[in-house]
Amino acid sequence: METAEVDAFYALNEARLASVTREFTEHFLGRVLYAVKANSLPQVLRAVFRAGVGGFDVASLAEARLVRSTIPQARSWFMNPAKSRRDVEWTFRDLGVRNYVIDCEADLQKLLEVLPSHDPELRIYVRFNCGATSAVLDLDSKCGASPAEARHLLGLVHAQSRWTSLSFHTGSQTIVIEPYLHAIRAAIGIVEGVSPGPTALDIGGGFPGHYLNIPYHSPLSMLSNITKLMRGSEALKSIELLCEPGRALVSDSMSLFCRVILRKGGALYCGAGIYSGLTPARQYFQLPARAGRGGRPIETEERQDFIIFGPTCDSMDRLGFSYSLPRDLSEGDWIEFQHVGAYSETLRCSFNGFSVDKIVTVEEDELTESRGHSSDCS
Ligand SMILES: Cc1ncc(COP(=O)(O)O)c(C=O)c1O
């Protein structure tokens, strides 16, 4: 690919993705599922699989199909509490899915009607609302039963002779450890209050990525504390443990390179914006960024804060933070927005005809317009 032909492209560092994934799986004492919604590029799915992740958290039939077609030997867990009858039926029948989550009686009823009553591998997870408050993106306001309802639902699942399991999600970009510890203690309370107890606990995703505007706590140190709590618990000793990270695995392994297509004073108009890949930077996250010219970083102390616009005619197409970049930046220069691995590729669209469909695989930290192996990610 000639990157000269495009005004924006992704660069994926597979080696970094593999090493982050390996470290994460080594620090978690149970099964790690990768949350496909964070980044569904086939090369990302293959890289995390090669790095030791054999299970995938999917939210839809389409994601389960993608996993099957990309890595036929991998297994999918359907962990979205809102799903259609058709998606349940087809994932079970055609794609071998045996793990489903529910958070209310209506969804449980649907599973009981659609799934066969005697499948020894079938597991139904009850997701409970852990009341987490520190995540940048809350999920509890949409999903999760109260702990009391969760106990009731576990009883209903058990009454139908199905394997029961438990899950929670502290919210995406959970920046401190306390919500996990609080939720695990709540899970222990639920496990101790039902008999027989669940066979598995899934502690969700939510582990943080690295952004300029948010204090960073390493997911690995979070995992050490989580492990300590879970190891010390009688209730959790003999059940399977799982987690479903997306952001923390993939966030730092991808950059979005954008050409400056226009400068107007202190505003830079770029080849990609919030609709075409920079969605994470729209409101919540300030991305690390650096500028380049002719394939090399621009080394200068002379910097200024710029407003960054995307290329569309929409005034919402503007990044939520200003960016300190070389003062003489102008048309034709490049900005590399780093750490866009999560919730960028999956959220992009081609509004106004601007789409980012090119991905370059890089092996090291390189600011380049022409090196690397390219492919189409549309
Ligand atoms: C059910 C479920 N699992 C896992 C994830 C991944 O979360 P994160 O990317 O914050 O790790 C999400 C995110 O929305 C989710 O809804």
# chains A, B, ... in the order shown; residues from 1 in each chain; ligands from 1
>>> residues_near_ligand(ligand="ligand 1", cutoff="10 Å", atoms="only C-alpha atoms and all ligand atoms", output="mmCIF file with N, CA and C atoms, in the first residue's frame")
data_model
loop_
_atom_site.group_PDB
_atom_site.id
_atom_site.type_symbol
_atom_site.label_atom_id
_atom_site.label_comp_id
_atom_site.auth_asym_id
_atom_site.auth_seq_id
_atom_site.Cartn_x
_atom_site.Cartn_y
_atom_site.Cartn_z
ATOM 1 N N LEU A 33 -10.786 -14.377 28.664
ATOM 2 C CA LEU A 33 -11.502 -14.273 27.390
ATOM 3 C C LEU A 33 -11.198 -12.896 26.811
ATOM 4 N N TYR A 34 -10.997 -12.786 25.524
ATOM 5 C CA TYR A 34 -10.793 -11.456 24.920
ATOM 6 C C TYR A 34 -12.150 -10.911 24.454
ATOM 7 N N ALA A 35 -12.457 -9.655 24.839
ATOM 8 C CA ALA A 35 -13.731 -9.027 24.454
ATOM 9 C C ALA A 35 -13.621 -8.491 23.025
ATOM 10 N N VAL A 36 -14.251 -9.185 22.104
ATOM 11 C CA VAL A 36 -14.115 -8.887 20.673
ATOM 12 C C VAL A 36 -14.565 -7.471 20.339
ATOM 13 N N LYS A 37 -15.524 -6.943 21.102
ATOM 14 C CA LYS A 37 -16.059 -5.611 20.802
ATOM 15 C C LYS A 37 -14.983 -4.528 20.846
ATOM 16 N N ALA A 38 -13.901 -4.762 21.603
ATOM 17 C CA ALA A 38 -12.873 -3.721 21.729
ATOM 18 C C ALA A 38 -12.137 -3.504 20.411
ATOM 19 N N ASN A 39 -11.872 -4.579 19.712
ATOM 20 C CA ASN A 39 -11.180 -4.485 18.416
ATOM 21 C C ASN A 39 -11.337 -5.843 17.737
ATOM 22 N N PHE A 56 -13.244 -16.292 23.630
ATOM 23 C CA PHE A 56 -13.601 -14.930 23.225
ATOM 24 C C PHE A 56 -14.977 -14.565 23.776
ATOM 25 N N ASP A 57 -15.055 -13.355 24.342
ATOM 26 C CA ASP A 57 -16.337 -12.820 24.812
ATOM 27 C C ASP A 57 -17.000 -12.123 23.629
ATOM 28 N N VAL A 58 -18.171 -12.635 23.229
ATOM 29 C CA VAL A 58 -18.865 -12.031 22.090
ATOM 30 C C VAL A 58 -20.187 -11.440 22.548
ATOM 31 N N ALA A 59 -20.635 -10.411 21.809
ATOM 32 C CA ALA A 59 -21.873 -9.715 22.172
ATOM 33 C C ALA A 59 -22.991 -10.015 21.192
ATOM 34 N N TRP A 77 -17.903 -17.127 24.295
ATOM 35 C CA TRP A 77 -18.818 -16.976 25.439
ATOM 36 C C TRP A 77 -19.755 -15.826 25.080
ATOM 37 N N PHE A 78 -21.054 -16.035 25.133
ATOM 38 C CA PHE A 78 -22.011 -15.002 24.726
ATOM 39 C C PHE A 78 -22.393 -14.220 25.978
ATOM 40 N N MET A 79 -21.696 -13.106 26.243
ATOM 41 C CA MET A 79 -21.818 -12.435 27.541
ATOM 42 C C MET A 79 -22.576 -11.113 27.484
ATOM 43 N N ASN A 80 -23.451 -10.983 26.496
ATOM 44 C CA ASN A 80 -24.315 -9.806 26.420
ATOM 45 C C ASN A 80 -25.694 -10.175 26.978
ATOM 46 N N PRO A 81 -26.134 -9.497 28.048
ATOM 47 C CA PRO A 81 -27.433 -9.871 28.626
ATOM 48 C C PRO A 81 -28.632 -9.531 27.727
ATOM 49 N N VAL A 101 -24.950 -15.407 29.272
ATOM 50 C CA VAL A 101 -25.225 -14.621 30.474
ATOM 51 C C VAL A 101 -26.669 -14.126 30.443
ATOM 52 N N ARG A 127 -25.533 -12.204 35.703
ATOM 53 C CA ARG A 127 -24.721 -10.992 35.900
ATOM 54 C C ARG A 127 -25.358 -10.112 36.962
ATOM 55 N N ALA A 135 -15.509 3.830 37.167
ATOM 56 C CA ALA A 135 -15.167 3.594 35.764
ATOM 57 C C ALA A 135 -15.486 4.827 34.929
ATOM 58 N N VAL A 136 -14.702 5.059 33.901
ATOM 59 C CA VAL A 136 -14.993 6.179 33.006
ATOM 60 C C VAL A 136 -16.297 5.903 32.249
ATOM 61 N N LEU A 137 -16.503 4.656 31.863
ATOM 62 C CA LEU A 137 -17.732 4.308 31.143
ATOM 63 C C LEU A 137 -18.524 3.281 31.947
ATOM 64 N N ASP A 138 -19.595 3.750 32.545
ATOM 65 C CA ASP A 138 -20.420 2.893 33.401
ATOM 66 C C ASP A 138 -21.203 1.877 32.566
ATOM 67 N N LEU A 139 -21.314 0.668 33.061
ATOM 68 C CA LEU A 139 -22.143 -0.338 32.380
ATOM 69 C C LEU A 139 -23.296 -0.820 33.259
ATOM 70 N N ASP A 140 -23.151 -0.579 34.561
ATOM 71 C CA ASP A 140 -24.150 -1.083 35.514
ATOM 72 C C ASP A 140 -25.531 -0.466 35.318
ATOM 73 N N LYS A 142 -27.079 -0.128 32.747
ATOM 74 C CA LYS A 142 -27.823 -0.814 31.695
ATOM 75 C C LYS A 142 -27.962 -2.312 31.979
ATOM 76 N N CYS A 143 -26.959 -2.892 32.595
ATOM 77 C CA CYS A 143 -26.940 -4.352 32.765
ATOM 78 C C CYS A 143 -26.736 -4.738 34.218
ATOM 79 N N SER A 167 -21.436 -13.436 37.177
ATOM 80 C CA SER A 167 -20.508 -12.490 36.546
ATOM 81 C C SER A 167 -20.861 -11.053 36.927
ATOM 82 N N PHE A 168 -19.875 -10.170 36.748
ATOM 83 C CA PHE A 168 -20.117 -8.734 36.920
ATOM 84 C C PHE A 168 -19.168 -7.993 35.981
ATOM 85 N N HIS A 169 -19.396 -6.704 35.809
ATOM 86 C CA HIS A 169 -18.480 -5.854 35.037
ATOM 87 C C HIS A 169 -18.407 -4.516 35.761
ATOM 88 N N THR A 170 -17.211 -4.101 36.130
ATOM 89 C CA THR A 170 -17.077 -2.870 36.921
ATOM 90 C C THR A 170 -17.191 -1.611 36.066
ATOM 91 N N GLY A 171 -17.318 -1.768 34.733
ATOM 92 C CA GLY A 171 -17.369 -0.607 33.836
ATOM 93 C C GLY A 171 -16.048 -0.461 33.106
ATOM 94 N N SER A 172 -16.106 0.140 31.920
ATOM 95 C CA SER A 172 -14.888 0.201 31.111
ATOM 96 C C SER A 172 -13.984 1.336 31.583
ATOM 97 N N GLN A 173 -12.662 1.056 31.570
ATOM 98 C CA GLN A 173 -11.645 1.974 32.110
ATOM 99 C C GLN A 173 -11.926 2.228 33.598
ATOM 100 N N THR A 174 -11.896 1.127 34.334
ATOM 101 C CA THR A 174 -11.960 1.218 35.793
ATOM 102 C C THR A 174 -10.557 1.584 36.256
ATOM 103 N N ASP A 202 -17.089 -14.880 36.693
ATOM 104 C CA ASP A 202 -16.455 -14.100 35.630
ATOM 105 C C ASP A 202 -16.390 -12.652 36.109
ATOM 106 N N ILE A 203 -15.175 -12.117 36.257
ATOM 107 C CA ILE A 203 -15.047 -10.768 36.831
ATOM 108 C C ILE A 203 -15.043 -9.664 35.759
ATOM 109 N N GLY A 204 -15.422 -10.031 34.524
ATOM 110 C CA GLY A 204 -15.631 -9.022 33.484
ATOM 111 C C GLY A 204 -14.341 -8.428 32.938
ATOM 112 N N GLY A 205 -14.520 -7.281 32.287
ATOM 113 C CA GLY A 205 -13.360 -6.555 31.761
ATOM 114 C C GLY A 205 -13.175 -5.294 32.570
ATOM 115 N N GLY A 206 -12.900 -4.181 31.889
ATOM 116 C CA GLY A 206 -12.808 -2.906 32.589
ATOM 117 C C GLY A 206 -11.398 -2.464 32.917
ATOM 118 N N PHE A 207 -10.419 -3.347 32.756
ATOM 119 C CA PHE A 207 -9.041 -2.976 33.113
ATOM 120 C C PHE A 207 -8.578 -1.834 32.203
ATOM 121 N N PRO A 208 -7.791 -0.903 32.769
ATOM 122 C CA PRO A 208 -7.576 0.358 32.048
ATOM 123 C C PRO A 208 -6.528 0.313 30.942
ATOM 124 N N GLY A 209 -6.718 1.230 29.988
ATOM 125 C CA GLY A 209 -5.679 1.559 29.018
ATOM 126 C C GLY A 209 -4.966 2.813 29.511
ATOM 127 N N CYS A 243 -12.167 -13.844 33.229
ATOM 128 C CA CYS A 243 -12.317 -12.400 33.041
ATOM 129 C C CYS A 243 -12.436 -12.124 31.548
ATOM 130 N N GLU A 244 -12.867 -10.913 31.212
ATOM 131 C CA GLU A 244 -13.165 -10.574 29.800
ATOM 132 C C GLU A 244 -12.556 -9.243 29.394
ATOM 133 N N PRO A 245 -11.251 -9.076 29.473
ATOM 134 C CA PRO A 245 -10.690 -7.772 29.126
ATOM 135 C C PRO A 245 -10.731 -7.507 27.622
ATOM 136 N N GLY A 246 -10.943 -6.257 27.270
ATOM 137 C CA GLY A 246 -10.820 -5.821 25.886
ATOM 138 C C GLY A 246 -9.758 -4.728 25.826
ATOM 139 N N ARG A 247 -10.144 -3.562 26.371
ATOM 140 C CA ARG A 247 -9.297 -2.378 26.298
ATOM 141 C C ARG A 247 -7.844 -2.635 26.755
ATOM 142 N N ALA A 248 -7.690 -3.265 27.933
ATOM 143 C CA ALA A 248 -6.346 -3.374 28.508
ATOM 144 C C ALA A 248 -5.410 -4.210 27.630
ATOM 145 N N LEU A 249 -5.963 -5.135 26.855
ATOM 146 C CA LEU A 249 -5.099 -5.956 26.016
ATOM 147 C C LEU A 249 -4.678 -5.215 24.754
ATOM 148 N N VAL A 250 -5.602 -4.492 24.161
ATOM 149 C CA VAL A 250 -5.365 -4.027 22.789
ATOM 150 C C VAL A 250 -5.096 -2.519 22.676
ATOM 151 N N SER A 251 -5.414 -1.787 23.736
ATOM 152 C CA SER A 251 -5.387 -0.329 23.628
ATOM 153 C C SER A 251 -4.046 0.245 23.139
ATOM 154 N N ALA A 342 -8.347 0.258 21.279
ATOM 155 C CA ALA A 342 -9.655 -0.166 21.794
ATOM 156 C C ALA A 342 -10.759 0.816 21.395
ATOM 157 N N TYR A 343 -11.861 0.263 20.947
ATOM 158 C CA TYR A 343 -13.070 1.048 20.635
ATOM 159 C C TYR A 343 -12.783 2.169 19.636
#
>>> residues_around(residues="Thr70 (chain A)", least_positions_apart="3", cutoff="7 Å", atoms="only C-alpha atoms", output="list in words")
Pro42, Leu66 and Val67 of chain A
>>> closest_residue(among="A:Asn13, A:Thr300, A:Ser165, A:Ser344", to="Leu325 (chain A)", atoms="only C-alpha atoms")
A:Thr300
>>> atom_distance(atom1="CA of Phe321 (chain A)", atom2="CA of Gly266 (chain A)")
13.3 Å
>>> select_by_dssp(residues="region 104-345 of chain A", states="alpha helix (DSSP H)", output="ChimeraX atom specification")
/A:105-114,147-159,178-192,219-231,247-250
